[in-house]
$ cat data_34.txt   # compact mmCIF, C-alpha atoms and all ligand atoms
# COMPACT_ATOMS: atom_id res chain seq x y z
CA MET A 8 -20.11 16.80 6.28
CA LYS A 9 -16.89 18.41 7.50
CA PRO A 10 -14.43 19.42 4.81
CA VAL A 11 -11.06 17.67 4.65
CA CYS A 12 -7.71 19.26 3.86
CA VAL A 13 -5.02 16.93 2.52
CA LEU A 14 -1.39 17.82 3.01
CA GLY A 15 0.11 17.21 -0.43
CA ASN A 16 -1.47 17.60 -3.85
CA GLY A 17 -0.32 14.56 -5.80
CA GLN A 18 -2.42 11.75 -7.20
CA LEU A 19 -3.43 10.37 -3.79
CA GLY A 20 -4.92 13.73 -2.79
CA ARG A 21 -6.66 13.91 -6.15
CA MET A 22 -8.22 10.47 -5.67
CA LEU A 23 -9.28 11.33 -2.10
CA ARG A 24 -11.04 14.38 -3.55
CA GLN A 25 -12.75 12.23 -6.18
CA ALA A 26 -13.91 9.77 -3.50
CA GLY A 27 -15.33 12.55 -1.35
CA GLU A 28 -17.45 14.07 -4.10
CA PRO A 29 -20.39 11.58 -4.20
CA LEU A 30 -20.64 11.68 -0.40
CA GLY A 31 -20.78 15.46 -0.33
CA ILE A 32 -17.39 15.67 1.36
CA ALA A 33 -15.31 18.59 0.09
CA VAL A 34 -11.67 17.53 -0.03
CA PHE A 35 -8.95 20.13 -0.62
CA PRO A 36 -5.54 18.76 -1.56
CA VAL A 37 -3.02 21.46 -0.70
CA GLY A 38 0.53 21.97 -1.93
CA LEU A 39 3.10 22.71 0.73
CA ASP A 40 3.81 26.12 -0.75
CA ALA A 41 0.16 27.25 -0.39
CA GLU A 42 -0.48 30.34 1.69
CA PRO A 43 -2.33 29.42 4.91
CA GLU A 44 -5.01 32.06 4.11
CA ALA A 45 -5.88 30.25 0.86
CA VAL A 46 -6.80 27.01 2.62
CA PRO A 47 -9.99 26.50 4.68
CA TYR A 48 -8.07 24.50 7.24
CA GLN A 49 -9.52 25.99 10.43
CA GLN A 50 -12.91 24.30 9.95
CA SER A 51 -11.49 21.12 8.40
CA VAL A 52 -10.23 17.75 9.40
CA ILE A 53 -6.61 17.48 8.24
CA THR A 54 -4.98 14.42 6.71
CA ALA A 55 -1.90 13.83 4.56
CA GLU A 56 -1.02 11.97 1.40
CA ILE A 57 2.70 12.28 2.11
CA GLU A 58 4.67 11.17 5.14
CA ARG A 59 7.03 14.07 5.72
CA TRP A 60 7.10 17.69 4.81
CA PRO A 61 9.41 20.66 5.10
CA GLU A 62 8.54 23.60 7.35
CA THR A 63 6.51 26.10 5.36
CA PRO A 64 4.07 28.77 6.62
CA LEU A 65 1.22 26.30 5.95
CA THR A 66 2.79 23.20 7.53
CA LYS A 67 3.71 25.28 10.60
CA GLU A 68 0.04 26.21 11.02
CA LEU A 69 -1.07 22.63 10.50
CA ALA A 70 1.46 21.22 12.95
CA LEU A 71 -0.50 22.97 15.70
CA HIS A 72 -3.97 22.06 14.42
CA ASN A 73 -5.77 19.69 16.76
CA ALA A 74 -7.89 18.19 13.98
CA PHE A 75 -4.74 16.98 12.18
CA ILE A 76 -5.36 13.22 12.35
CA ASN A 77 -2.32 11.06 13.21
CA ARG A 78 -0.11 14.17 13.36
CA ASP A 79 2.37 12.70 15.81
CA ILE A 80 2.47 9.31 14.09
CA PHE A 81 3.94 10.55 10.80
CA PRO A 82 7.43 11.24 12.17
CA ARG A 83 7.55 7.74 13.71
CA LEU A 84 6.70 6.00 10.46
CA ALA A 85 8.38 8.32 7.96
CA ASP A 86 11.78 7.31 9.33
CA ARG A 87 12.75 3.67 8.84
CA PHE A 88 14.67 3.58 12.13
CA PRO A 89 11.70 4.14 14.49
CA GLN A 90 9.45 2.18 12.10
CA LYS A 91 11.64 -0.95 12.22
CA SER A 92 12.11 -0.45 15.99
CA LEU A 93 8.32 -0.48 16.35
CA PHE A 94 8.10 -3.91 14.64
CA ASP A 95 10.80 -5.24 16.96
CA SER A 96 9.11 -3.87 20.08
CA LEU A 97 5.79 -5.47 19.06
CA GLY A 98 7.50 -8.78 18.22
CA LEU A 99 6.37 -8.56 14.57
CA ALA A 100 8.45 -10.41 11.98
CA THR A 101 10.47 -8.12 9.69
CA ALA A 102 13.70 -8.42 7.69
CA PRO A 103 16.59 -8.43 10.22
CA TRP A 104 18.25 -5.03 10.22
CA ALA A 105 20.71 -2.64 11.84
CA SER A 106 21.45 1.05 11.86
CA LEU A 107 24.30 1.97 9.47
CA ASP A 108 26.52 4.54 11.09
CA ALA A 109 30.12 3.77 10.09
CA LYS A 110 32.13 1.91 7.44
CA ALA A 111 33.80 -0.13 10.16
CA GLN A 112 30.50 -1.99 10.71
CA TRP A 113 30.66 -3.90 7.40
CA PRO A 114 32.53 -7.06 8.50
CA GLU A 115 30.13 -7.50 11.40
CA LEU A 116 27.07 -6.72 9.26
CA PHE A 117 28.04 -9.38 6.70
CA ALA A 118 28.72 -11.82 9.56
CA THR A 119 25.37 -11.24 11.29
CA LEU A 120 22.98 -10.37 8.44
CA GLY A 121 24.50 -12.37 5.57
CA ASP A 122 25.96 -11.65 2.13
CA PHE A 123 22.95 -10.04 0.45
CA LEU A 124 22.12 -6.75 2.15
CA ILE A 125 20.03 -3.75 1.23
CA VAL A 126 20.94 -0.28 2.44
CA LYS A 127 17.91 1.99 2.70
CA ARG A 128 17.81 5.69 3.35
CA ARG A 129 15.96 6.30 6.64
CA THR A 130 13.80 9.03 5.16
CA GLY A 131 12.65 10.23 1.77
CA GLY A 132 13.05 7.05 -0.34
CA TYR A 133 10.21 5.88 -2.57
CA ASP A 134 9.72 3.64 -5.60
CA GLY A 135 13.04 1.95 -4.77
CA ARG A 136 15.00 5.25 -4.76
CA GLY A 137 17.49 5.73 -1.93
CA GLN A 138 18.42 2.02 -1.81
CA TRP A 139 21.63 0.12 -2.54
CA ARG A 140 22.13 -3.62 -2.86
CA VAL A 141 25.36 -4.65 -1.18
CA SER A 142 27.42 -7.83 -1.15
CA PRO A 143 30.95 -8.40 0.22
CA GLY A 144 33.37 -6.45 -1.96
CA ASN A 145 31.06 -3.74 -3.28
CA GLU A 146 30.48 -1.93 0.04
CA ALA A 147 33.42 0.35 -0.81
CA ASN A 148 31.41 1.79 -3.74
CA LEU A 149 28.74 3.25 -1.47
CA PRO A 150 28.69 7.06 -1.14
CA ASP A 151 30.12 8.41 2.13
CA GLU A 152 27.02 10.46 2.92
CA ILE A 153 24.86 7.38 3.63
CA TYR A 154 26.56 6.69 6.97
CA GLY A 155 24.37 7.96 9.80
CA ASN A 156 21.35 8.33 7.49
CA CYS A 157 20.52 4.73 6.58
CA ILE A 158 19.55 1.35 7.89
CA VAL A 159 20.78 -1.91 6.43
CA GLU A 160 18.49 -4.90 6.00
CA GLN A 161 18.97 -8.54 5.25
CA GLY A 162 18.01 -9.25 1.63
CA ILE A 163 15.04 -11.63 1.77
CA PRO A 164 14.79 -14.29 -0.95
CA PHE A 165 11.01 -13.99 -0.83
CA ASP A 166 8.51 -16.17 -2.68
CA ALA A 167 6.15 -13.28 -3.32
CA GLU A 168 5.14 -9.81 -2.20
CA VAL A 169 1.73 -8.92 -0.78
CA SER A 170 0.22 -5.97 1.00
CA VAL A 171 -2.72 -5.55 3.29
CA ILE A 172 -4.72 -2.39 3.54
CA GLY A 173 -6.83 -1.73 6.59
CA ALA A 174 -8.54 1.12 8.36
CA ARG A 175 -9.12 1.95 12.00
CA ASN A 176 -11.59 4.45 13.40
CA ARG A 177 -11.56 6.48 16.59
CA ALA A 178 -13.50 3.75 18.43
CA GLY A 179 -10.65 1.34 17.65
CA GLU A 180 -12.65 -0.76 15.15
CA CYS A 181 -10.59 -2.15 12.29
CA VAL A 182 -11.60 -3.36 8.81
CA PHE A 183 -9.42 -4.85 6.07
CA TYR A 184 -9.41 -5.64 2.38
CA PRO A 185 -8.31 -9.07 1.21
CA ILE A 186 -4.54 -9.05 0.73
CA THR A 187 -3.19 -7.73 -2.56
CA HIS A 188 -0.53 -9.59 -4.58
CA ASN A 189 2.11 -7.19 -5.86
CA LEU A 190 4.76 -7.35 -8.54
CA HIS A 191 7.61 -4.86 -8.16
CA GLN A 192 10.27 -4.40 -10.81
CA GLU A 193 13.36 -2.34 -10.04
CA GLY A 194 11.79 -1.25 -6.75
CA ILE A 195 8.60 0.14 -8.34
CA LEU A 196 5.12 -1.38 -8.19
CA ARG A 197 4.07 -2.50 -11.68
CA THR A 198 1.00 -4.70 -11.20
CA SER A 199 -1.37 -5.73 -8.38
CA VAL A 200 -3.96 -8.50 -8.25
CA ALA A 201 -6.59 -9.08 -5.56
CA PHE A 202 -9.24 -11.73 -5.04
CA PRO A 203 -12.46 -11.81 -3.02
CA ASN A 204 -11.07 -14.68 -0.95
CA ALA A 205 -7.48 -14.48 0.14
CA ASN A 206 -5.41 -17.33 1.52
CA HIS A 207 -6.83 -17.69 5.03
CA SER A 208 -3.56 -18.04 6.92
CA GLN A 209 -1.91 -15.10 5.10
CA GLN A 210 -4.97 -12.93 5.66
CA GLN A 211 -5.09 -13.76 9.38
CA GLN A 212 -1.38 -13.07 9.85
CA ALA A 213 -1.55 -9.81 7.91
CA GLN A 214 -4.60 -8.55 9.81
CA ALA A 215 -3.12 -9.47 13.19
CA MET A 216 0.13 -7.64 12.38
CA LEU A 217 -1.52 -4.52 10.97
CA SER A 218 -4.03 -4.35 13.85
CA ALA A 219 -1.18 -4.61 16.35
CA VAL A 220 0.52 -1.63 14.72
CA MET A 221 -2.62 0.49 14.34
CA ASN A 222 -3.72 -0.20 17.94
CA GLU A 223 -0.29 0.52 19.38
CA LEU A 224 -0.22 3.89 17.59
CA ASP A 225 -3.91 4.65 18.22
CA TYR A 226 -4.00 5.29 14.48
CA VAL A 227 -7.11 6.57 12.66
CA GLY A 228 -7.58 6.11 8.90
CA VAL A 229 -6.25 3.82 6.18
CA MET A 230 -2.84 2.23 6.63
CA ALA A 231 -1.01 -0.09 4.23
CA MET A 232 1.49 -2.78 5.20
CA GLU A 233 3.81 -4.30 2.58
CA CYS A 234 5.02 -7.84 3.27
CA PHE A 235 7.35 -10.48 1.91
CA VAL A 236 5.92 -13.99 1.72
CA VAL A 237 8.44 -16.65 2.76
CA GLY A 238 6.93 -20.13 2.77
CA ASP A 239 3.74 -19.74 4.79
CA LYS A 240 5.04 -16.79 6.84
CA LEU A 241 4.79 -13.06 6.30
CA LEU A 242 7.62 -10.64 7.08
CA ILE A 243 6.78 -6.94 7.20
CA ASN A 244 8.69 -4.88 4.66
CA GLU A 245 7.29 -1.45 5.45
CA LEU A 246 4.24 0.58 6.43
CA ALA A 247 2.56 3.54 4.79
CA PRO A 248 0.33 5.68 7.06
CA ARG A 249 -1.97 6.60 4.18
CA VAL A 250 -3.81 5.29 1.15
CA HIS A 251 -1.44 3.22 -0.97
CA ASN A 252 -0.75 2.38 -4.61
CA SER A 253 -1.38 -1.33 -4.02
CA GLY A 254 -4.94 -0.45 -2.93
CA HIS A 255 -5.90 1.40 -6.12
CA TRP A 256 -7.82 -1.65 -7.40
CA THR A 257 -10.41 -0.97 -4.66
CA GLN A 258 -11.69 2.03 -6.68
CA ASN A 259 -13.41 -0.38 -9.05
CA GLY A 260 -13.13 -3.73 -7.29
CA ALA A 261 -14.62 -3.11 -3.84
CA SER A 262 -17.89 -1.75 -2.46
CA ILE A 263 -15.95 1.01 -0.67
CA SER A 264 -12.65 2.24 -2.12
CA GLN A 265 -9.60 2.79 0.08
CA PHE A 266 -10.01 6.53 -0.52
CA GLU A 267 -13.61 6.56 0.67
CA LEU A 268 -12.69 4.29 3.57
CA HIS A 269 -10.00 6.73 4.70
CA LEU A 270 -12.47 9.63 4.59
CA ARG A 271 -15.05 7.62 6.53
CA ALA A 272 -12.50 6.69 9.20
CA ILE A 273 -11.13 10.19 9.74
CA LEU A 274 -14.62 11.78 9.72
CA ASP A 275 -16.04 9.25 12.17
CA LEU A 276 -18.61 8.01 9.64
CA PRO A 277 -19.89 4.41 9.58
CA MET A 278 -17.12 2.09 8.42
CA PRO A 279 -18.44 -1.37 7.51
CA SER A 280 -16.04 -3.96 6.14
CA PRO A 281 -15.76 -3.40 2.35
CA THR A 282 -17.13 -6.19 0.16
CA VAL A 283 -15.13 -7.55 -2.77
CA PHE A 284 -17.12 -9.50 -5.35
CA ASN A 285 -14.63 -10.22 -8.12
CA PRO A 286 -10.93 -10.53 -8.87
CA SER A 287 -9.24 -7.26 -9.83
CA VAL A 288 -6.05 -6.33 -11.65
CA MET A 289 -4.32 -2.95 -11.44
CA VAL A 290 -1.64 -1.94 -13.95
CA ASN A 291 0.47 1.08 -13.05
CA LEU A 292 1.17 3.44 -15.94
CA ILE A 293 4.81 4.40 -15.55
CA GLY A 294 6.37 6.97 -17.89
CA THR A 295 3.83 6.11 -20.62
CA GLU A 296 1.82 8.60 -22.68
CA LEU A 297 -1.96 8.39 -22.54
CA ASN A 298 -3.41 6.13 -25.24
CA GLN A 299 -7.12 6.70 -25.88
CA GLN A 300 -7.33 3.22 -27.37
CA TRP A 301 -7.25 1.83 -23.81
CA LEU A 302 -10.80 3.13 -23.59
CA SER A 303 -11.88 0.80 -26.40
CA LEU A 304 -11.66 -2.09 -23.93
CA PRO A 305 -14.90 -2.33 -21.94
CA LEU A 306 -13.34 -3.64 -18.72
CA VAL A 307 -10.64 -0.98 -18.50
CA HIS A 308 -11.08 1.81 -15.97
CA LEU A 309 -8.53 4.52 -16.69
CA HIS A 310 -7.29 6.68 -13.80
CA TRP A 311 -5.05 9.38 -15.30
CA TYR A 312 -3.25 11.75 -12.95
CA GLU A 313 -2.68 14.64 -15.41
CA LYS A 314 1.02 14.82 -14.55
CA ASP A 315 3.87 15.46 -17.01
CA VAL A 316 4.97 12.13 -18.41
CA ARG A 317 8.59 11.39 -17.48
CA PRO A 318 10.57 8.12 -17.35
CA VAL A 319 9.88 5.99 -14.22
CA ARG A 320 7.15 8.40 -13.08
CA LYS A 321 3.74 7.02 -12.08
CA VAL A 322 1.30 8.90 -14.32
CA GLY A 323 -1.86 6.81 -13.98
CA HIS A 324 -3.22 3.31 -13.55
CA LEU A 325 -5.69 0.95 -15.17
CA ASN A 326 -8.12 -1.15 -13.15
CA LEU A 327 -9.87 -4.23 -14.53
CA THR A 328 -12.37 -6.35 -12.66
CA HIS A 329 -14.80 -9.09 -13.71
CA SER A 330 -16.44 -12.21 -12.35
CA CYS A 331 -15.49 -14.28 -15.39
CA PRO A 332 -11.81 -15.28 -15.56
CA THR A 333 -11.76 -15.65 -19.34
CA GLU A 334 -13.28 -12.18 -19.84
CA LEU A 335 -10.58 -10.76 -17.60
CA ALA A 336 -7.77 -12.68 -19.33
CA ASP A 337 -9.06 -11.71 -22.81
CA SER A 338 -9.14 -8.09 -21.79
CA LEU A 339 -5.59 -8.29 -20.44
CA ASN A 340 -4.48 -9.90 -23.73
CA SER A 341 -6.01 -7.03 -25.70
CA LEU A 342 -4.48 -4.50 -23.32
CA VAL A 343 -0.94 -5.85 -23.78
CA GLU A 344 -1.22 -4.95 -27.48
CA LEU A 345 -1.95 -1.34 -26.52
CA LEU A 346 0.96 -0.90 -24.11
CA PRO A 347 4.73 -0.70 -24.60
CA ASN A 348 6.63 -3.99 -24.42
CA GLU A 349 7.81 -3.53 -20.84
CA TYR A 350 4.26 -4.12 -19.56
CA LYS A 351 4.06 -7.66 -20.91
CA SER A 352 5.86 -9.45 -18.06
CA GLY A 353 3.68 -7.74 -15.43
CA ILE A 354 0.48 -8.61 -17.26
CA ASP A 355 1.65 -12.21 -17.78
CA TRP A 356 2.29 -12.37 -14.05
CA ALA A 357 -1.28 -11.15 -13.36
CA LYS A 358 -2.68 -13.78 -15.73
CA GLU A 359 -0.71 -16.49 -13.90
CA LYS A 360 -2.17 -15.30 -10.59
CA LEU A 361 -5.70 -15.46 -12.04
CA ASN A 362 -5.07 -18.98 -13.38
CA TRP A 363 -3.77 -20.06 -10.01
CA TYR A 364 -6.84 -18.63 -8.25
CA TYR A 365 -9.32 -20.36 -10.53
CA SER A 366 -7.44 -23.66 -10.45
CA GLN A 367 -7.66 -23.97 -6.65
P1 LIG B 401 7.60 2.33 -1.91
O1 LIG B 401 7.52 2.94 -3.26
O2 LIG B 401 6.69 1.17 -1.71
O3 LIG B 401 7.53 3.32 -0.80
P2 LIG B 401 10.31 2.07 -1.24
O4 LIG B 401 11.17 2.72 -2.24
O5 LIG B 401 10.05 2.78 0.01
O6 LIG B 401 8.99 1.61 -1.89
P3 LIG B 401 10.75 -0.68 -0.27
O7 LIG B 401 9.33 -1.05 -0.27
O8 LIG B 401 11.52 -0.79 0.98
O9 LIG B 401 11.04 0.77 -0.86
O10 LIG B 401 11.51 -1.53 -1.40
C1 LIG B 401 11.08 -1.58 -2.73
C2 LIG B 401 11.15 -3.00 -3.23
O11 LIG B 401 12.51 -3.50 -3.14
C3 LIG B 401 10.33 -3.99 -2.41
O12 LIG B 401 8.97 -3.98 -2.79
C4 LIG B 401 11.05 -5.29 -2.75
O13 LIG B 401 10.70 -5.75 -4.05
C5 LIG B 401 12.51 -4.87 -2.75
N1 LIG B 401 13.08 -5.03 -1.40
C6 LIG B 401 13.05 -4.10 -0.41
N2 LIG B 401 13.62 -4.57 0.74
C7 LIG B 401 13.99 -5.84 0.48
C8 LIG B 401 14.61 -6.87 1.26
N3 LIG B 401 14.98 -6.68 2.53
N4 LIG B 401 14.84 -8.06 0.64
C9 LIG B 401 14.50 -8.26 -0.66
N5 LIG B 401 13.91 -7.33 -1.43
C10 LIG B 401 13.65 -6.13 -0.89
MG MG B 402 7.58 -0.26 -0.62
$ encode --input "data_34.txt" --output "structure tokens"
Amino acid sequence: MKPVCVLGNGQLGRMLRQAGEPLGIAVFPVGLDAEPEAVPYQQSVITAEIERWPETPLTKELALHNAFINRDIFPRLADRFPQKSLFDSLGLATAPWASLDAKAQWPELFATLGDFLIVKRRTGGYDGRGQWRVSPGNEANLPDEIYGNCIVEQGIPFDAEVSVIGARNRAGECVFYPITHNLHQEGILRTSVAFPNANHSQQQQAQAMLSAVMNELDYVGVMAMECFVVGDKLLINELAPRVHNSGHWTQNGASISQFELHLRAILDLPMPSPTVFNPSVMVNLIGTELNQQWLSLPLVHLHWYEKDVRPVRKVGHLNLTHSCPTELADSLNSLVELLPNEYKSGIDWAKEKLNWYYSQ
């Protein structure tokens, strides 16, 4: 098996490395400051866990490497302007938007996009950072430096948020997981829930949209697409050209995890459609110290990233999966007792989703 070098050494690179191990695939997550000589990149297939990177001696070398999968796609998707333009050119539904270049645009923006707008930095935002909610009257409070570097989007009064994670190989074959239901609070993903059988119409729409994007780009690997659900329609929020937080449940809830699927796709290995047997819940650990008591619950799979714990920082996640809804709900009830109070609403939301699934 060819080794894989991952640009970036955060938790996604770590989990790619973990997924490679049983298959005998050596995965080397590399920090951007690494010396090129220290990385076995010449013989490797190159992938990335981040979407943009500064010029360093290593990234300069990699920029020229012809085994760097999707190299030319990252700049198109890491900037919201070309990314949103791509949706428009493919006729894919997305929140109406415009480029934000000057203060003088505001009256027209409110007239065309409405009174609830979201300004988003074109590059570099994550977990809701680099965004401002704007309504008539408070546009004057925005910092001057955003003009020329942001887009503005219509605020969507969505019913729910979902994501779909798929993979495409070099032959153009695509496979998908069932859509994931996501709860974000203050712009950051708190909890995800996925079921073996997704709503048929949502699944079909999501797969058609993500395939259109992956085919247009001739993309290879795992890609995630976040969507707003409005009635029975999906609107694309954004794409991530990599493994994604809302797919972490697949580590314990699917026959092939998103991390393994990405490695299979980029290494041209067989890539059957992953099977999902049971409902799964993923709880993001955000700014919370490790509690060994979590391990007293038999359904809890702890994934700890070994990062310094800081407020609003993702430091790990917990996956739970089971065929029996009451077992899953009981475990979630016990888990709530072992987590700070702010986790309760996300876990209640997951329990509601499970109830809804079993009541259908
Ligand atoms: P990520 O961490 O997923 O990369 P991000 O910081 O890049 O997130 P978005 O996904 O664009 O940002 O936004 C974060 C969250 O803010 C969304 O999941 C959604 O809850 C809310 N949001 C974003 N855009 C809109 C919109 N146009 N209308 C309503 N809510 C929105
Ligand atoms: Mg997002």
$ residues_near_ligand --input "data_34.txt" --ligand "ligand LIG 401 (chain B)" --cutoff "8 Å" --atoms "only C-alpha atoms and all ligand atoms" --output "JSON, numbers by chain"
{"A": [102, 124, 125, 127, 132, 133, 134, 135, 136, 137, 138, 160, 161, 162, 163, 164, 165, 168, 190, 191, 192, 193, 194, 195, 196, 233, 235, 244, 245, 247]}
$ residues_around --input "data_34.txt" --residues "Leu345 (chain A)" --least-positions-apart "3" --cutoff "8 Å" --atoms "all atoms listed in the file" --output "list in words"
Asn298, Gln300, Trp301, Ser341 and Leu342 of chain A
$ closest_residue --input "data_34.txt" --among "A:Ala109, A:Cys12, A:Leu335, A:Met221" --to "Tyr365 (chain A)" --atoms "all atoms listed in the file"
A:Leu335
$ closest_residue --input "data_34.txt" --among "A:Ser218, A:Val169, A:Val37, A:Asp151" --to "ligand MG 402 (chain B)" --atoms "all atoms listed in the file"
A:Val169
$ atom_distance --input "data_34.txt" --atom1 "CA of Phe35 (chain A)" --atom2 "CA of Ile273 (chain A)"
14.5 Å
$ atom_distance --input "data_34.txt" --atom1 "CA of Met232 (chain A)" --atom2 "CA of Thr101 (chain A)"
11.4 Å
$ atom_distance --input "data_34.txt" --atom1 "CA of Gly31 (chain A)" --atom2 "CA of Ser262 (chain A)"
17.6 Å
$ closest_residue --input "data_34.txt" --among "A:Gly353, A:Pro347, A:Gly131, A:Gly15" --to "ligand MG 402 (chain B)" --atoms "only C-alpha atoms and all ligand atoms"
A:Gly131
$ build_atoms --input "data_34.txt" --residues "region 124-132 of chain A" --atoms "all heavy atoms" --output "PDB file, in the frame of the given file"
ATOM      1  N   LEU A 124      22.671  -7.783   1.267  1.00  0.00           N
ATOM      2  CA  LEU A 124      22.120  -6.750   2.150  1.00  0.00           C
ATOM      3  C   LEU A 124      21.544  -5.604   1.322  1.00  0.00           C
ATOM      4  O   LEU A 124      21.956  -5.385   0.179  1.00  0.00           O
ATOM      5  CB  LEU A 124      23.223  -6.205   3.064  1.00  0.00           C
ATOM      6  CG  LEU A 124      23.951  -7.249   3.925  1.00  0.00           C
ATOM      7  CD1 LEU A 124      24.980  -6.568   4.831  1.00  0.00           C
ATOM      8  CD2 LEU A 124      22.973  -8.037   4.783  1.00  0.00           C
ATOM      9  N   ILE A 125      20.608  -4.918   1.904  1.00  0.00           N
ATOM     10  CA  ILE A 125      20.030  -3.750   1.230  1.00  0.00           C
ATOM     11  C   ILE A 125      20.145  -2.551   2.168  1.00  0.00           C
ATOM     12  O   ILE A 125      19.667  -2.598   3.308  1.00  0.00           O
ATOM     13  CB  ILE A 125      18.558  -3.982   0.835  1.00  0.00           C
ATOM     14  CG1 ILE A 125      18.477  -5.222  -0.063  1.00  0.00           C
ATOM     15  CG2 ILE A 125      17.973  -2.747   0.143  1.00  0.00           C
ATOM     16  CD1 ILE A 125      17.138  -5.464  -0.693  1.00  0.00           C
ATOM     17  N   VAL A 126      20.835  -1.526   1.685  1.00  0.00           N
ATOM     18  CA  VAL A 126      20.940  -0.280   2.440  1.00  0.00           C
ATOM     19  C   VAL A 126      19.763   0.591   2.020  1.00  0.00           C
ATOM     20  O   VAL A 126      19.482   0.726   0.826  1.00  0.00           O
ATOM     21  CB  VAL A 126      22.274   0.434   2.132  1.00  0.00           C
ATOM     22  CG1 VAL A 126      22.298   1.831   2.743  1.00  0.00           C
ATOM     23  CG2 VAL A 126      23.450  -0.394   2.625  1.00  0.00           C
ATOM     24  N   LYS A 127      19.055   1.130   3.004  1.00  0.00           N
ATOM     25  CA  LYS A 127      17.910   1.990   2.700  1.00  0.00           C
ATOM     26  C   LYS A 127      18.046   3.306   3.444  1.00  0.00           C
ATOM     27  O   LYS A 127      18.296   3.316   4.651  1.00  0.00           O
ATOM     28  CB  LYS A 127      16.589   1.329   3.142  1.00  0.00           C
ATOM     29  CG  LYS A 127      16.282   0.021   2.433  1.00  0.00           C
ATOM     30  CD  LYS A 127      14.915  -0.529   2.854  1.00  0.00           C
ATOM     31  CE  LYS A 127      14.571  -1.779   2.072  1.00  0.00           C
ATOM     32  NZ  LYS A 127      13.235  -2.304   2.426  1.00  0.00           N
ATOM     33  N   ARG A 128      17.836   4.381   2.725  1.00  0.00           N
ATOM     34  CA  ARG A 128      17.810   5.690   3.350  1.00  0.00           C
ATOM     35  C   ARG A 128      16.695   5.712   4.403  1.00  0.00           C
ATOM     36  O   ARG A 128      15.620   5.161   4.170  1.00  0.00           O
ATOM     37  CB  ARG A 128      17.506   6.733   2.283  1.00  0.00           C
ATOM     38  CG  ARG A 128      18.338   7.942   2.372  1.00  0.00           C
ATOM     39  CD  ARG A 128      18.039   8.912   1.246  1.00  0.00           C
ATOM     40  NE  ARG A 128      19.103   8.957   0.259  1.00  0.00           N
ATOM     41  CZ  ARG A 128      20.335   9.390   0.498  1.00  0.00           C
ATOM     42  NH1 ARG A 128      20.678   9.825   1.711  1.00  0.00           N
ATOM     43  NH2 ARG A 128      21.249   9.394  -0.447  1.00  0.00           N
ATOM     44  N   ARG A 129      16.989   6.298   5.576  1.00  0.00           N
ATOM     45  CA  ARG A 129      15.960   6.300   6.640  1.00  0.00           C
ATOM     46  C   ARG A 129      14.743   7.092   6.234  1.00  0.00           C
ATOM     47  O   ARG A 129      13.618   6.703   6.551  1.00  0.00           O
ATOM     48  CB  ARG A 129      16.556   6.868   7.941  1.00  0.00           C
ATOM     49  CG  ARG A 129      17.417   5.846   8.673  1.00  0.00           C
ATOM     50  CD  ARG A 129      18.101   6.423   9.884  1.00  0.00           C
ATOM     51  NE  ARG A 129      17.175   7.086  10.798  1.00  0.00           N
ATOM     52  CZ  ARG A 129      17.512   7.508  12.016  1.00  0.00           C
ATOM     53  NH1 ARG A 129      18.753   7.311  12.468  1.00  0.00           N
ATOM     54  NH2 ARG A 129      16.634   8.109  12.782  1.00  0.00           N
ATOM     55  N   THR A 130      14.955   8.202   5.539  1.00  0.00           N
ATOM     56  CA  THR A 130      13.800   9.030   5.160  1.00  0.00           C
ATOM     57  C   THR A 130      13.880   9.376   3.667  1.00  0.00           C
ATOM     58  O   THR A 130      14.954   9.405   3.080  1.00  0.00           O
ATOM     59  CB  THR A 130      13.781  10.373   5.938  1.00  0.00           C
ATOM     60  OG1 THR A 130      15.019  11.037   5.701  1.00  0.00           O
ATOM     61  CG2 THR A 130      13.585  10.158   7.426  1.00  0.00           C
ATOM     62  N   GLY A 131      12.711   9.620   3.107  1.00  0.00           N
ATOM     63  CA  GLY A 131      12.650  10.230   1.770  1.00  0.00           C
ATOM     64  C   GLY A 131      12.715   9.280   0.593  1.00  0.00           C
ATOM     65  O   GLY A 131      12.507   9.704  -0.529  1.00  0.00           O
ATOM     66  N   GLY A 132      12.996   7.971   0.813  1.00  0.00           N
ATOM     67  CA  GLY A 132      13.050   7.050  -0.340  1.00  0.00           C
ATOM     68  C   GLY A 132      11.639   6.678  -0.784  1.00  0.00           C
ATOM     69  O   GLY A 132      10.716   6.665   0.008  1.00  0.00           O
TER      70      GLY A 132
END
